[in-house]
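Everything below concerns the one structure shown next.
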Amino acid sequence: MSVDPAAGLRVLHRLALGVEPFDAMTGARAGSAVRVGREVTTRPRRRRPASVLDLVTARPTLELEGSGNGRFKLRHQPGVGDRVLLRVDDPGRRWVPRRFDVELWTSADAGPAIPVAARTLQPRLLPGAAWNPPRGSTCVRGRVSWAGRPVRWPRLVATEGDANVGWAHGDENGEFLLVVTGLGTAIGPLPDTLNLDLIVQIPDPAAPADPHDPVADLVVEPIDRALSQPAPGTAAHEVLIGRAAPAGYFVSSVPFPVTVVVGETLARLDVPFNP
């Protein structure tokens, strides 16, 4: 904030964007192990040679400032315009990465002060290969393939009857962990098993992969700016929580049927995509 004696009080929004990633299953903040960076075409050169760890974990991003446990911030500064391309990932592979093209409120925007909520992105991250389900969870762990080869960055929806009961994001190896979060149309006592249909969605399989940047071909999801957090049930909220497949995804023509035991994990499942 700055004060101009001649013009009165003027508010400068130094915060361009705050980012708080959450675990889609537990609702808890993902924590400081998650990385949030602004993608750039070139990174500043290091004065000293990078370590082996730096080379292994290198990515074309400028990391956002940490602001407490699992909070990150981007300040208005030279080079930050009205949009920013963000990458959110976890080196520990507990959550599947996501990329966002976020429209920003700039410091030149006219009108009343923009609330912090309007400048905060709160994406949900879905379980990755290393996510540890709580005891008693009903899960499906497997890989999406097409013609015997793994499909990069698939998404899955589990249905029981007419109800959606689980969602999953797959990683660059096609591996996914889907946690069943409901019983669908089942009524009465808790059933021993559930008959599910897995609806598979995949991005363009012709998109080239970068051997030096495994996340480079992950589809970018656009986020429009708004004066408040999106309300549950809206299209914008479905994007944030990871349930809306990005534009350009193809849906399998035939759902994949599977029977799961309630309270157990069905593992090593190969789910084919049927064009």
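Residues are named by chain letter and number: chains run A, B, ... in the order of the structure tokens, numbers start at 1 in each chain, and ligands are numbered from 1 in the order shown.
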Would you tabulate, counting only C-alpha atoms, all residues of region 52-156 of chain A that have an atom at most 8 Å from an atom of region 241-259 of chain A, showing the closest pair of atoms and their distance in Å to one decimal, sorted by chain then ascending number, as a Markdown table?
| residue | atom | partner | partner_atom | distance |
| --- | --- | --- | --- | --- |
| A:Pro123 | CA | A:Ile241 | CA | 6.0 |
| A:Arg124 | CA | A:Ile241 | CA | 4.7 |
| A:Leu125 | CA | A:Gly242 | CA | 7.2 |
| A:Leu126 | CA | A:Gly242 | CA | 7.3 |
| A:Arg155 | CA | A:Ala245 | CA | 7.2 |
Show me, as an MDAnalysis selection string, the residues that have an atom within 7 Å of Ala267 (chain A) when counting only C-alpha atoms, minus same-chain residues fewer than 5 positions from it. chainID A and resid 140:142
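CA of Ile202 (chain A) is found 17.5 Å from CA of Glu238 (chain A).
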Of the candidates A:His76, A:Pro205, A:Thr61, A:Leu104, which shows the shortest atom-to-atom distance to Ala147 (chain A), using only C-alpha atoms?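 Nearest to Ala147 (chain A): A:Pro205.
The neighbours of Glu39 (chain A) here are the residues that come within 12 Å of it, using only C-alpha atoms and leaving out any residue fewer than 5 positions away in the same chain; they are Ala58, Arg59, Pro60, Thr61, Leu62, Glu63, Leu64, Gly79, Val80, Arg83, Val84, Leu85, Leu86, Arg87, Val88, Arg99, Phe100, Asp101, Val102, Asp213, Val215, Ala216 and Val220 of chain A.
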With distances taken over only C-alpha atoms, which of A:Val271, A:Ala16, A:Ala117, A:Leu198 is nearest to Pro150 (chain A)?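 Between A:Val271, A:Ala16, A:Ala117, A:Leu198, the residue approaching Pro150 (chain A) most closely is A:Val271.
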Enumerate as a PyMOL selection string all residues of region 28-141 of chain A assigned to strand (DSSP E or B) by DSSP on the backbone, naming them with the chain letters and numbers the document uses. chain A and resi 29+35-39+61-63+65-66+72-75+83-89+95+98-103+120-121+124-125+127+139-141
Neighbours of Val260 (chain A) within 12 Å (only C-alpha atoms; same-chain residues fewer than 6 positions away dropped), as a PyMOL selection string? chain A and resi 137-141+158+160+178-180+183+191-198+266-267+269
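The environment of region 17-31 of chain A within 6 Å, counting only C-alpha atoms and disregarding residues fewer than 2 places along the same chain, consists of Leu15, Ala33, Asn69, Gly70, Arg71, Phe72, Lys73, Leu74, Arg119, Thr120, Leu121, Gln122, Pro123, Arg124, Leu125 and Leu126 of chain A.
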With C-alpha atoms retained, write the just-selected residues as an mmCIF file, in the first residue's frame.
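Generated output (selection17.cif):
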data_model
loop_
_atom_site.group_PDB
_atom_site.id
_atom_site.type_symbol
_atom_site.label_atom_id
_atom_site.label_comp_id
_atom_site.auth_asym_id
_atom_site.auth_seq_id
_atom_site.Cartn_x
_atom_site.Cartn_y
_atom_site.Cartn_z
ATOM 1 C CA LEU A 15 0.566 -9.680 -4.650
ATOM 2 C CA ALA A 33 7.019 -30.643 -0.341
ATOM 3 C CA ASN A 69 3.531 -24.342 5.041
ATOM 4 C CA GLY A 70 2.215 -25.126 1.577
ATOM 5 C CA ARG A 71 1.541 -21.513 0.570
ATOM 6 C CA PHE A 72 3.271 -19.749 -2.302
ATOM 7 C CA LYS A 73 3.161 -16.244 -3.718
ATOM 8 C CA LEU A 74 4.022 -14.346 -6.874
ATOM 9 C CA ARG A 119 -5.851 -13.388 -6.236
ATOM 10 C CA THR A 120 -5.506 -16.893 -4.759
ATOM 11 C CA LEU A 121 -5.436 -20.158 -6.684
ATOM 12 C CA GLN A 122 -6.440 -23.231 -4.657
ATOM 13 C CA PRO A 123 -6.053 -26.264 -6.932
ATOM 14 C CA ARG A 124 -6.702 -29.818 -5.801
ATOM 15 C CA LEU A 125 -4.047 -32.425 -6.538
ATOM 16 C CA LEU A 126 -5.106 -36.013 -7.123
#
